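Next comes data.cif, with mmCIF, C-alpha atoms.
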```cif
data_model
loop_
_atom_site.label_atom_id
_atom_site.label_comp_id
_atom_site.auth_asym_id
_atom_site.auth_seq_id
_atom_site.Cartn_x
_atom_site.Cartn_y
_atom_site.Cartn_z
CA MET U 1 -16.49 -0.93 -25.71
CA THR U 2 -19.77 -1.80 -24.02
CA THR U 3 -20.18 -2.59 -20.37
CA ASN U 4 -23.10 -3.67 -18.24
CA HIS U 5 -23.11 -0.62 -16.08
CA GLN U 6 -23.06 3.12 -16.38
CA THR U 7 -20.08 5.07 -15.20
CA SER U 8 -21.15 7.26 -12.38
CA ALA U 9 -17.72 8.50 -11.33
CA PRO U 10 -18.23 12.05 -10.12
CA THR U 11 -15.39 14.25 -11.32
CA LYS U 12 -16.08 17.06 -8.87
CA ALA U 13 -15.19 16.81 -5.21
CA PRO U 14 -18.16 16.02 -2.96
CA ALA U 15 -18.94 18.57 -0.24
CA LYS U 16 -18.79 16.03 2.56
CA ALA U 17 -16.62 12.94 2.80
CA PRO U 18 -18.73 9.82 2.22
CA ALA U 19 -18.83 7.34 5.12
CA LYS U 20 -16.24 4.59 5.03
CA PRO U 21 -17.60 1.38 3.47
CA SER U 22 -17.66 -1.84 5.46
CA TRP U 23 -14.89 -3.48 3.43
CA LEU U 24 -12.47 -1.00 4.98
CA LYS U 25 -12.83 -3.01 8.18
CA VAL U 26 -9.53 -4.53 9.09
CA THR U 27 -8.47 -6.55 12.10
CA TYR U 28 -5.67 -5.54 14.31
CA ASP U 29 -3.70 -7.66 16.74
CA GLN U 30 -1.65 -5.23 18.73
CA LYS U 31 0.86 -7.76 20.06
CA LYS U 32 1.81 -8.93 16.58
CA VAL U 33 1.94 -5.43 15.15
CA ASP U 34 4.07 -4.22 18.08
CA LYS U 35 6.50 -7.07 17.56
CA MET U 36 6.97 -6.13 13.92
CA THR U 37 7.21 -2.43 14.68
CA ASP U 38 9.92 -3.09 17.28
CA LEU U 39 11.93 -5.22 14.90
CA LEU U 40 11.78 -2.56 12.20
CA LYS U 41 12.63 0.20 14.65
CA GLY U 42 15.57 -1.81 15.95
CA LEU U 43 16.95 -2.00 12.42
CA LYS U 44 16.09 1.65 11.74
CA LEU U 45 14.05 0.73 8.69
CA ASN U 46 11.04 2.43 7.18
CA THR U 47 8.14 0.59 5.62
CA VAL U 48 5.70 1.98 3.11
CA CYS U 49 3.12 0.21 5.26
CA ALA U 50 3.65 2.59 8.18
CA GLU U 51 4.76 5.66 6.22
CA ALA U 52 1.65 5.57 4.06
CA ASN U 53 -0.55 4.42 6.94
CA CYS U 54 -1.79 1.43 4.96
CA PRO U 55 -5.13 -0.12 5.95
CA ASN U 56 -3.62 -3.57 5.42
CA LEU U 57 -0.87 -3.00 7.96
CA GLY U 58 -2.55 -5.08 10.65
CA GLU U 59 -2.93 -8.05 8.34
CA CYS U 60 0.52 -7.87 6.78
CA PHE U 61 2.47 -7.09 9.95
CA GLY U 62 0.38 -9.70 11.73
CA SER U 63 1.52 -12.33 9.24
CA GLY U 64 5.15 -11.16 9.34
CA SER U 65 5.24 -9.39 6.00
CA ALA U 66 6.26 -5.83 5.16
CA SER U 67 7.37 -3.64 2.26
CA PHE U 68 10.51 -1.64 2.83
CA ILE U 69 10.83 1.95 1.73
CA ILE U 70 14.42 3.04 1.26
CA LEU U 71 16.03 6.48 1.00
CA GLY U 72 13.34 7.96 3.23
CA PRO U 73 11.38 8.90 5.09
CA ASN U 74 11.13 12.22 3.25
CA CYS U 75 10.14 12.46 -0.40
CA THR U 76 11.18 15.21 -2.80
CA ARG U 77 7.77 15.20 -4.46
CA ALA U 78 4.39 16.17 -3.07
CA CYS U 79 1.84 14.07 -4.91
CA ARG U 80 -1.64 14.96 -3.75
CA PHE U 81 -2.83 11.41 -3.10
CA CYS U 82 0.15 10.39 -1.00
CA ASP U 83 0.68 10.26 2.75
CA ILE U 84 4.47 9.98 2.72
CA PRO U 85 6.10 13.10 4.17
CA HIS U 86 7.32 15.65 1.66
CA GLY U 87 10.39 17.38 2.98
CA HIS U 88 14.09 17.90 2.97
CA PRO U 89 15.70 14.58 2.04
CA LYS U 90 18.25 12.94 4.32
CA ASP U 91 21.76 11.79 3.42
CA VAL U 92 21.91 8.39 1.76
CA ASP U 93 22.47 5.71 4.43
CA LEU U 94 24.93 3.26 2.94
CA LEU U 95 24.17 0.66 5.59
CA GLU U 96 20.46 0.70 4.89
CA PRO U 97 20.72 -1.96 2.13
CA LEU U 98 22.37 -4.36 4.57
CA ARG U 99 19.68 -3.74 7.18
CA VAL U 100 16.95 -4.43 4.63
CA ALA U 101 18.70 -7.69 3.82
CA GLN U 102 18.97 -8.54 7.53
CA ALA U 103 15.31 -7.78 8.14
CA THR U 104 14.37 -9.95 5.15
CA LYS U 105 16.33 -12.79 6.71
CA LYS U 106 14.98 -12.23 10.24
CA LEU U 107 11.41 -12.24 8.97
CA GLY U 108 12.10 -15.23 6.75
CA LEU U 109 10.57 -13.50 3.74
CA THR U 110 10.48 -15.61 0.60
CA HIS U 111 9.44 -12.55 -1.40
CA VAL U 112 10.47 -9.02 -0.54
CA VAL U 113 9.18 -5.71 -1.85
CA VAL U 114 11.51 -2.71 -1.90
CA THR U 115 10.26 0.72 -2.78
CA SER U 116 11.65 4.20 -2.23
CA VAL U 117 10.71 7.80 -1.91
CA ASP U 118 11.54 10.06 -4.86
CA ARG U 119 15.06 11.44 -4.67
CA ASP U 120 15.24 14.12 -7.32
CA ASP U 121 18.04 15.68 -5.25
CA LEU U 122 20.53 12.88 -5.89
CA PRO U 123 22.70 12.70 -9.03
CA ASP U 124 21.63 9.05 -9.52
CA LEU U 125 18.03 9.81 -8.40
CA GLY U 126 18.35 6.94 -5.93
CA ALA U 127 19.01 4.18 -8.47
CA ASP U 128 22.30 3.11 -6.87
CA GLN U 129 20.63 2.52 -3.49
CA PHE U 130 18.16 0.18 -5.21
CA VAL U 131 21.10 -1.66 -6.74
CA ARG U 132 22.92 -1.93 -3.40
CA THR U 133 19.74 -3.15 -1.70
CA ILE U 134 19.04 -5.80 -4.32
CA HIS U 135 22.63 -7.05 -4.10
CA ALA U 136 22.54 -7.15 -0.29
CA ILE U 137 19.26 -9.05 -0.22
CA LYS U 138 20.54 -11.58 -2.76
CA LYS U 139 23.72 -12.13 -0.79
CA LEU U 140 21.95 -12.86 2.50
CA ASN U 141 18.79 -14.42 1.05
CA PRO U 142 19.71 -16.19 -2.18
CA LYS U 143 16.32 -17.89 -2.47
CA THR U 144 14.15 -14.84 -1.80
CA THR U 145 12.48 -13.29 -4.82
CA ILE U 146 12.76 -9.52 -5.09
CA GLU U 147 10.23 -6.99 -6.28
CA VAL U 148 11.14 -3.33 -6.72
CA LEU U 149 8.63 -0.52 -6.91
CA THR U 150 10.57 2.40 -8.29
CA PRO U 151 10.09 6.10 -8.92
CA ASP U 152 10.06 7.27 -12.53
CA PHE U 153 13.74 8.32 -12.25
CA GLN U 154 12.59 11.26 -14.40
CA GLY U 155 12.52 8.72 -17.22
CA ARG U 156 16.33 8.45 -17.17
CA GLU U 157 17.39 5.28 -18.90
CA ASP U 158 20.81 5.07 -17.22
CA CYS U 159 18.99 4.73 -13.87
CA LEU U 160 16.64 2.09 -15.24
CA ASP U 161 19.57 0.18 -16.77
CA LYS U 162 21.28 -0.02 -13.38
CA VAL U 163 18.22 -1.38 -11.58
CA ILE U 164 17.47 -3.86 -14.38
CA ALA U 165 21.07 -5.09 -14.27
CA ALA U 166 20.79 -5.75 -10.52
CA GLY U 167 18.19 -8.38 -11.47
CA PRO U 168 14.98 -8.03 -9.47
CA ASP U 169 12.33 -10.64 -10.25
CA VAL U 170 9.54 -8.09 -10.60
CA PHE U 171 9.96 -4.49 -11.73
CA ASN U 172 7.03 -2.37 -10.64
CA HIS U 173 6.40 1.25 -11.41
CA ASN U 174 2.98 2.69 -10.70
CA MET U 175 0.96 4.67 -13.23
CA GLU U 176 -1.27 5.64 -10.26
CA THR U 177 -4.21 6.82 -12.41
CA VAL U 178 -5.57 7.51 -15.89
CA ARG U 179 -4.05 10.12 -18.20
CA ARG U 180 -6.53 12.94 -17.51
CA VAL U 181 -6.30 12.69 -13.73
CA THR U 182 -2.50 12.35 -13.62
CA PRO U 183 -1.67 16.09 -13.51
CA LEU U 184 -4.32 16.58 -10.83
CA VAL U 185 -2.73 14.14 -8.37
CA ARG U 186 0.92 13.57 -9.30
CA ASN U 187 3.75 16.00 -8.80
CA ARG U 188 6.54 16.26 -11.42
CA ALA U 189 5.47 12.89 -12.81
CA THR U 190 3.67 12.47 -16.10
CA TYR U 191 1.62 9.73 -17.70
CA ASP U 192 3.98 9.52 -20.66
CA THR U 193 7.14 9.36 -18.54
CA SER U 194 5.70 6.49 -16.51
CA LEU U 195 4.61 4.66 -19.67
CA HIS U 196 8.10 5.16 -21.04
CA VAL U 197 9.62 3.69 -17.85
CA LEU U 198 7.49 0.55 -18.17
CA ASP U 199 8.14 0.29 -21.91
CA TYR U 200 11.88 0.69 -21.49
CA VAL U 201 12.07 -1.88 -18.70
CA LYS U 202 10.02 -4.41 -20.66
CA LYS U 203 12.25 -3.97 -23.73
CA HIS U 204 15.54 -4.16 -21.86
CA ALA U 205 14.85 -6.60 -19.03
CA PRO U 206 15.44 -10.33 -19.37
CA LYS U 207 12.35 -12.32 -20.33
CA ASN U 208 11.89 -13.77 -16.85
CA MET U 209 11.63 -10.35 -15.19
CA TYR U 210 7.99 -9.33 -14.85
CA VAL U 211 6.88 -5.75 -15.38
CA LYS U 212 4.10 -4.52 -13.17
CA THR U 213 2.06 -1.39 -12.54
CA GLY U 214 -0.84 -0.26 -10.42
CA ILE U 215 -3.61 2.30 -10.28
CA MET U 216 -5.98 3.72 -7.71
CA LEU U 217 -9.73 4.11 -8.21
CA GLY U 218 -12.00 6.74 -6.75
CA LEU U 219 -10.11 9.74 -8.13
CA GLY U 220 -12.84 10.58 -10.63
CA GLU U 221 -11.67 8.33 -13.49
CA LYS U 222 -14.18 7.05 -16.04
CA ASP U 223 -14.54 3.54 -17.49
CA GLU U 224 -13.31 4.46 -20.94
CA GLU U 225 -10.26 6.16 -19.42
CA VAL U 226 -9.40 3.05 -17.44
CA TYR U 227 -9.78 0.89 -20.56
CA GLN U 228 -7.56 3.28 -22.51
CA LEU U 229 -4.94 2.92 -19.78
CA MET U 230 -5.20 -0.87 -19.97
CA ASP U 231 -4.73 -0.68 -23.76
CA ASP U 232 -1.73 1.61 -23.35
CA LEU U 233 -0.19 -0.87 -20.91
CA ARG U 234 -0.83 -3.91 -23.07
CA ALA U 235 0.59 -2.11 -26.12
CA ILE U 236 3.94 -2.15 -24.31
CA ASP U 237 3.36 -5.65 -22.90
CA VAL U 238 3.11 -4.88 -19.17
CA ASP U 239 2.60 -8.18 -17.32
CA PHE U 240 0.83 -7.42 -14.00
CA LEU U 241 -1.80 -4.85 -13.07
CA THR U 242 -3.06 -3.98 -9.60
CA ILE U 243 -6.22 -1.95 -9.04
CA GLY U 244 -7.27 -0.71 -5.60
CA GLN U 245 -9.32 1.97 -3.87
CA TYR U 246 -7.80 5.39 -3.08
CA VAL U 247 -8.29 6.28 0.57
CA GLN U 248 -7.77 9.95 1.29
CA PRO U 249 -4.99 10.24 3.86
CA GLY U 250 -6.08 13.58 5.31
CA PRO U 251 -8.05 16.77 4.66
CA LYS U 252 -5.21 18.39 2.67
CA ASN U 253 -4.93 15.54 0.20
CA TYR U 254 -6.78 15.12 -3.08
CA THR U 255 -10.46 14.77 -2.28
CA LEU U 256 -11.86 11.28 -2.63
CA ARG U 257 -14.45 11.27 -5.40
CA GLU U 258 -16.15 7.98 -4.59
CA TRP U 259 -15.97 4.57 -2.99
CA VAL U 260 -15.99 2.48 -6.14
CA PRO U 261 -18.49 -0.39 -5.94
CA MET U 262 -17.21 -3.94 -6.06
CA SER U 263 -19.03 -4.58 -9.36
CA ARG U 264 -16.70 -2.15 -11.11
CA TYR U 265 -13.60 -3.88 -9.70
CA GLN U 266 -14.97 -7.14 -11.06
CA GLU U 267 -15.66 -5.62 -14.47
CA TYR U 268 -12.17 -4.12 -14.63
CA TYR U 269 -10.70 -7.47 -13.67
CA LYS U 270 -12.51 -9.15 -16.56
CA GLN U 271 -11.60 -6.42 -19.00
CA ALA U 272 -7.95 -6.51 -17.96
CA MET U 273 -7.69 -10.30 -18.19
CA LYS U 274 -9.33 -10.17 -21.64
CA ARG U 275 -6.59 -7.79 -22.75
CA GLY U 276 -3.93 -10.33 -21.85
CA PHE U 277 -2.33 -9.30 -18.57
CA LYS U 278 -0.63 -12.28 -16.94
CA PHE U 279 -2.00 -11.35 -13.53
CA VAL U 280 -4.57 -8.84 -12.36
CA ALA U 281 -5.50 -7.98 -8.78
CA SER U 282 -8.60 -5.79 -8.63
CA SER U 283 -10.27 -5.22 -5.30
CA PRO U 284 -10.71 -2.26 -2.95
CA LEU U 285 -7.94 -3.16 -0.51
CA VAL U 286 -5.42 -4.17 -3.16
CA ARG U 287 -2.21 -2.15 -2.95
CA SER U 288 0.82 -2.45 -5.23
CA SER U 289 2.66 -4.76 -2.91
CA TYR U 290 -0.34 -6.41 -1.23
CA LYS U 291 0.13 -10.19 -1.47
CA ALA U 292 2.84 -9.65 -4.06
CA LYS U 293 4.33 -12.99 -3.10
CA GLU U 294 1.14 -14.87 -3.88
CA GLU U 295 0.92 -13.00 -7.17
CA LEU U 296 4.37 -14.04 -8.33
CA GLU U 297 3.77 -17.63 -7.22
CA ALA U 298 0.50 -17.77 -9.15
CA VAL U 299 2.23 -16.73 -12.36
CA GLU U 300 5.31 -18.91 -11.90
CA ASN U 301 3.23 -22.00 -11.22
CA LYS U 302 1.09 -21.61 -14.30
CA MET A 1 -8.94 -10.14 38.48
CA ILE A 2 -9.90 -7.03 36.49
CA LYS A 3 -7.82 -6.22 33.43
CA GLU A 4 -7.91 -2.82 31.79
CA VAL A 5 -8.17 -2.48 28.02
CA HIS A 6 -6.44 0.60 26.66
CA MET A 7 -6.71 2.11 23.20
CA PRO A 8 -3.92 0.60 21.10
CA LYS A 9 -1.97 2.61 18.56
CA LEU A 10 -3.88 1.84 15.36
CA SER A 11 -2.27 4.27 12.99
CA PRO A 12 1.41 5.09 12.69
CA LYS A 13 0.49 8.69 11.93
CA SER A 14 -2.00 9.72 14.57
CA ASP A 15 -2.93 9.05 18.19
CA GLN A 16 -6.53 10.18 18.12
CA TYR A 17 -9.40 8.20 16.64
CA PHE A 18 -13.16 8.12 16.39
CA PHE A 19 -14.67 5.33 18.42
CA GLY A 20 -16.89 3.28 16.10
CA LYS A 21 -18.99 0.65 17.87
CA TRP A 22 -18.93 -2.11 20.41
CA ASP A 23 -19.01 -5.73 19.28
CA LYS A 24 -19.28 -7.00 22.88
CA GLN A 25 -21.63 -5.83 25.62
CA PRO A 26 -21.07 -5.87 29.39
CA GLY A 27 -21.64 -9.39 30.65
CA ASP A 28 -20.61 -11.01 27.34
CA SER A 29 -17.89 -13.57 27.55
CA VAL A 30 -14.85 -12.76 25.43
CA LYS A 31 -12.03 -14.89 24.14
CA THR A 32 -8.58 -13.87 22.94
CA GLY A 33 -8.95 -12.87 19.30
CA ASP A 34 -12.64 -11.90 19.54
CA VAL A 35 -13.38 -8.47 18.09
CA LEU A 36 -14.14 -6.16 21.02
CA PHE A 37 -14.79 -2.88 19.23
CA GLU A 38 -14.27 -0.91 16.03
CA VAL A 39 -12.35 2.33 15.68
CA GLU A 40 -12.22 4.66 12.73
CA THR A 41 -8.74 5.90 11.76
CA GLU A 42 -7.90 8.00 8.69
CA LYS A 43 -7.52 5.08 6.37
CA ALA A 44 -9.45 2.19 7.86
CA ILE A 45 -12.00 0.88 10.29
CA SER A 46 -9.89 -1.15 12.69
CA GLN A 47 -11.43 -4.09 14.50
CA VAL A 48 -9.61 -4.45 17.78
CA GLU A 49 -9.30 -7.94 19.16
CA SER A 50 -9.31 -8.95 22.81
CA GLN A 51 -5.99 -9.99 24.29
CA GLU A 52 -7.74 -11.70 27.23
CA ASP A 53 -10.20 -14.49 28.02
CA GLY A 54 -12.93 -13.44 30.42
CA THR A 55 -16.12 -11.38 30.74
CA LEU A 56 -16.54 -7.81 29.52
CA LYS A 57 -17.22 -5.84 32.68
CA ALA A 58 -17.59 -2.21 31.61
CA GLN A 59 -17.44 -0.04 28.50
CA LYS A 60 -15.70 3.25 29.18
CA VAL A 61 -16.26 4.95 25.81
CA ALA A 62 -19.20 5.23 23.42
CA THR A 63 -19.83 5.46 19.68
CA GLY A 64 -18.69 8.80 18.31
CA ASP A 65 -16.29 9.56 21.15
CA THR A 66 -12.85 10.80 20.27
CA THR A 67 -10.32 8.58 21.98
CA LYS A 68 -6.59 8.82 22.36
CA VAL A 69 -3.98 6.07 22.39
CA GLY A 70 -3.70 4.78 25.95
CA ASP A 71 -7.20 5.83 27.02
CA LEU A 72 -9.08 3.35 29.18
CA VAL A 73 -11.63 1.74 26.86
CA ALA A 74 -13.00 -1.19 28.83
CA THR A 75 -12.46 -3.55 31.72
CA ILE A 76 -12.46 -7.32 31.45
CA GLU A 77 -12.97 -9.71 34.36
CA VAL A 78 -10.40 -12.44 33.96
CA ALA A 79 -10.85 -15.70 35.83
#
```
Same coordinates, now as structure tokens:
Amino acid sequence: MTTNHQTSAPTKAPAKAPAKPSWLKVTYDQKKVDKMTDLLKGLKLNTVCAEANCPNLGECFGSGSASFIILGPNCTRACRFCDIPHGHPKDVDLLEPLRVAQATKKLGLTHVVVTSVDRDDLPDLGADQFVRTIHAIKKLNPKTTIEVLTPDFQGREDCLDKVIAAGPDVFNHNMETVRRVTPLVRNRATYDTSLHVLDYVKKHAPKNMYVKTGIMLGLGEKDEEVYQLMDDLRAIDVDFLTIGQYVQPGPKNYTLREWVPMSRYQEYYKQAMKRGFKFVASSPLVRSSYKAKEELEAVENK
Amino acid sequence: MIKEVHMPKLSPKSDQYFFGKWDKQPGDSVKTGDVLFEVETEKAISQVESQEDGTLKAQKVATGDTTKVGDLVATIEVA
């Protein structure tokens, strides 16, 4: 593989955090954000937007869109890139699925993204709550398309079967990074388990269910490692790929290696499209669920 | 009438931010939706928009200051 540029990704942590680039500028309309925050609080719902302190929160909340995180707010894993609290998990709230469905209706969402924290403490690893949530959303919002962003369920196929059977429109599970960097940033999750999850879902899901994954850049990955990941994903026929910039949540998290220049996002976009993904989003502020609705529409209207 | 501009909550996780820079100077006219100033939070540089139409009267914080949610940031003269 030849590319026009040299990989300069430093693999060692820099001594001082580099200044934030200008594309991290986001607008913020407090009135709109407050309105959304109040609605979500009223329904006692968590969003990955707020829990992970997403830079796109102002834009998404401002336009009335949000991604729900169920079974939280505490996660049983402590991945080094992540801002979601690691701690003792709470009891499963059996009314949460209904509230997600109600919020979807209140916000008039035509596409809804549901993700969860990891629940290694539960016998079903949280799969049943995904199923209940999908069913509740469908009942109250029959026209809304549903995207799930799931944990690896420790690779357990019975969990994957349940979620597939509930019939989301998009099944997303994030690889997060290239093979070499995975053990440096993920906790109890492996590259091969995540590949297996995507492979299993693709093989067992109906043809009209899209399989999606995402990675972060700026963790010290190299071009050839990213291309290897793309090849691994296409070998199992993954449909959608999202690529965005890692932003270090705090001083205790995995140290940001670099702000990846836009030219590399563009090159990765080209390389990914060449490999046959149905849809690729590659830009610094892209997150797994960022503009997920537009993504699905783009593919469906092709 | 003078309206006070207070630091909004820009990050669900923290209440203390670095003040970035001013986009409006005292005497400038401002409209609702105009970017007044930029603040650096952990994960973003937030551009805060004016909620008022009027004239920026005074800046109460400067670049590099640490500001807390609710702090007085500016005053705007509203007609």
8 Å contact set for region 15-23 of chain A, all atoms listed in the file, chain neighbours under 2 positions out, as a list in words |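 Once the adjacent positions are removed, what remains is Lys9, Leu10, Ser11, Lys13, Gln25, Val35, Leu36, Phe37, Glu38, Val39, Glu40, Thr41, Ile45, Val61, Ala62, Thr63, Gly64, Asp65, Thr66, Thr67, Lys68 and Val69 of chain A.
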Would you kindly translate the PyMOL selection byres ((chain U) within 12 of (chain A)) into the concrete residues it picks from this file, as an MDAnalysis selection string?
-> chainID U and resid 17 19:34 37 46:59 82:85 245:251 253 256 284:285
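The space separating CA of Val260 (chain U) from CA of Val178 (chain U) comes to 15.1 Å.
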Taking the file as shown, find all residues satisfying the PyMOL selection byres ((chain U and resi 204) around 12) and write them as a VMD selection string.
-> chain U and resid 157 to 158 160 to 165 167 171 196 to 203 205 to 211
Result set of the PyMOL selection byres ((chain A and resi 26) around 12) on the coordinates above, as number ranges by chain = A: 22-25, 27-30, 36, 54-60, 74-77
The distance between CA of Ala103 (chain U) and CA of Ile134 (chain U) is 13.2 Å
Give me the residues within 12 Å of Glu176 (chain U) as a ChimeraX atom specification, counting only C-alpha atoms and dropping any in the same chain fewer than 6 places off.
-> /U:79-82,151-152,182-187,189-191,194-195,212-219,221,226,229,241-246,287-288
CA of Thr76 (chain U) and CA of Ser116 (chain U), how far apart in Å?
-> 11.0 Å
Shortest interatomic distance to Tyr254 (chain U) - which of U:Met273, U:Val238, U:Leu39, U:Ala78, counting only C-alpha atoms =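 Counting only C-alpha atoms, the residue closest to Tyr254 (chain U) is U:Ala78.
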Would you kindly identify which residues have an atom no farther than 10 Å from (15.9, 12.5, -10.7), using only C-alpha atoms and the file's own coordinates, and write them out as an MDAnalysis selection string?
-> chainID U and resid 76 118:127 151:156 159
Your completed region 55-63 of chain A with all heavy atoms, as a PDB file, in the coordinates of the input:
```
ATOM      1  N   THR A  55     -14.788 -11.968  30.914  1.00  0.00           N
ATOM      2  CA  THR A  55     -16.120 -11.380  30.740  1.00  0.00           C
ATOM      3  C   THR A  55     -15.970  -9.866  30.659  1.00  0.00           C
ATOM      4  O   THR A  55     -15.289  -9.266  31.495  1.00  0.00           O
ATOM      5  CB  THR A  55     -17.015 -11.721  31.945  1.00  0.00           C
ATOM      6  OG1 THR A  55     -16.987 -13.138  32.124  1.00  0.00           O
ATOM      7  CG2 THR A  55     -18.452 -11.259  31.713  1.00  0.00           C
ATOM      8  N   LEU A  56     -16.616  -9.268  29.634  1.00  0.00           N
ATOM      9  CA  LEU A  56     -16.540  -7.810  29.520  1.00  0.00           C
ATOM     10  C   LEU A  56     -17.299  -7.198  30.692  1.00  0.00           C
ATOM     11  O   LEU A  56     -18.478  -7.490  30.910  1.00  0.00           O
ATOM     12  CB  LEU A  56     -17.125  -7.324  28.194  1.00  0.00           C
ATOM     13  CG  LEU A  56     -16.929  -5.822  27.950  1.00  0.00           C
ATOM     14  CD1 LEU A  56     -15.471  -5.492  27.649  1.00  0.00           C
ATOM     15  CD2 LEU A  56     -17.813  -5.316  26.819  1.00  0.00           C
ATOM     16  N   LYS A  57     -16.615  -6.380  31.461  1.00  0.00           N
ATOM     17  CA  LYS A  57     -17.220  -5.840  32.680  1.00  0.00           C
ATOM     18  C   LYS A  57     -17.839  -4.463  32.395  1.00  0.00           C
ATOM     19  O   LYS A  57     -19.006  -4.249  32.650  1.00  0.00           O
ATOM     20  CB  LYS A  57     -16.135  -5.734  33.759  1.00  0.00           C
ATOM     21  CG  LYS A  57     -16.651  -5.419  35.117  1.00  0.00           C
ATOM     22  CD  LYS A  57     -16.022  -6.374  36.143  1.00  0.00           C
ATOM     23  CE  LYS A  57     -16.388  -5.962  37.564  1.00  0.00           C
ATOM     24  NZ  LYS A  57     -17.730  -6.368  37.944  1.00  0.00           N
ATOM     25  N   ALA A  58     -17.063  -3.551  31.837  1.00  0.00           N
ATOM     26  CA  ALA A  58     -17.590  -2.210  31.610  1.00  0.00           C
ATOM     27  C   ALA A  58     -17.023  -1.594  30.335  1.00  0.00           C
ATOM     28  O   ALA A  58     -15.869  -1.831  29.979  1.00  0.00           O
ATOM     29  CB  ALA A  58     -17.239  -1.313  32.801  1.00  0.00           C
ATOM     30  N   GLN A  59     -17.875  -0.828  29.657  1.00  0.00           N
ATOM     31  CA  GLN A  59     -17.440  -0.040  28.500  1.00  0.00           C
ATOM     32  C   GLN A  59     -17.184   1.375  28.987  1.00  0.00           C
ATOM     33  O   GLN A  59     -18.038   1.967  29.640  1.00  0.00           O
ATOM     34  CB  GLN A  59     -18.522  -0.033  27.420  1.00  0.00           C
ATOM     35  CG  GLN A  59     -18.871  -1.418  26.913  1.00  0.00           C
ATOM     36  CD  GLN A  59     -20.098  -1.405  26.008  1.00  0.00           C
ATOM     37  OE1 GLN A  59     -20.893  -0.468  26.028  1.00  0.00           O
ATOM     38  NE2 GLN A  59     -20.257  -2.464  25.230  1.00  0.00           N
ATOM     39  N   LYS A  60     -16.050   1.922  28.668  1.00  0.00           N
ATOM     40  CA  LYS A  60     -15.700   3.250  29.180  1.00  0.00           C
ATOM     41  C   LYS A  60     -15.825   4.346  28.120  1.00  0.00           C
ATOM     42  O   LYS A  60     -15.655   5.521  28.419  1.00  0.00           O
ATOM     43  CB  LYS A  60     -14.270   3.237  29.731  1.00  0.00           C
ATOM     44  CG  LYS A  60     -14.065   2.227  30.840  1.00  0.00           C
ATOM     45  CD  LYS A  60     -14.771   2.672  32.120  1.00  0.00           C
ATOM     46  CE  LYS A  60     -14.419   1.748  33.285  1.00  0.00           C
ATOM     47  NZ  LYS A  60     -15.212   2.080  34.484  1.00  0.00           N
ATOM     48  N   VAL A  61     -16.055   3.962  26.885  1.00  0.00           N
ATOM     49  CA  VAL A  61     -16.260   4.950  25.810  1.00  0.00           C
ATOM     50  C   VAL A  61     -17.475   4.536  24.984  1.00  0.00           C
ATOM     51  O   VAL A  61     -17.912   3.381  25.038  1.00  0.00           O
ATOM     52  CB  VAL A  61     -15.031   5.084  24.868  1.00  0.00           C
ATOM     53  CG1 VAL A  61     -13.883   5.778  25.566  1.00  0.00           C
ATOM     54  CG2 VAL A  61     -14.606   3.725  24.364  1.00  0.00           C
ATOM     55  N   ALA A  62     -17.996   5.499  24.210  1.00  0.00           N
ATOM     56  CA  ALA A  62     -19.200   5.230  23.420  1.00  0.00           C
ATOM     57  C   ALA A  62     -18.989   5.642  21.968  1.00  0.00           C
ATOM     58  O   ALA A  62     -18.064   6.401  21.646  1.00  0.00           O
ATOM     59  CB  ALA A  62     -20.381   5.994  24.014  1.00  0.00           C
ATOM     60  N   THR A  63     -19.857   5.135  21.098  1.00  0.00           N
ATOM     61  CA  THR A  63     -19.830   5.460  19.680  1.00  0.00           C
ATOM     62  C   THR A  63     -19.740   6.975  19.468  1.00  0.00           C
ATOM     63  O   THR A  63     -20.488   7.724  20.081  1.00  0.00           O
ATOM     64  CB  THR A  63     -21.092   4.911  18.996  1.00  0.00           C
ATOM     65  OG1 THR A  63     -21.122   3.501  19.165  1.00  0.00           O
ATOM     66  CG2 THR A  63     -21.109   5.240  17.497  1.00  0.00           C
TER      67      THR A  63
END
```
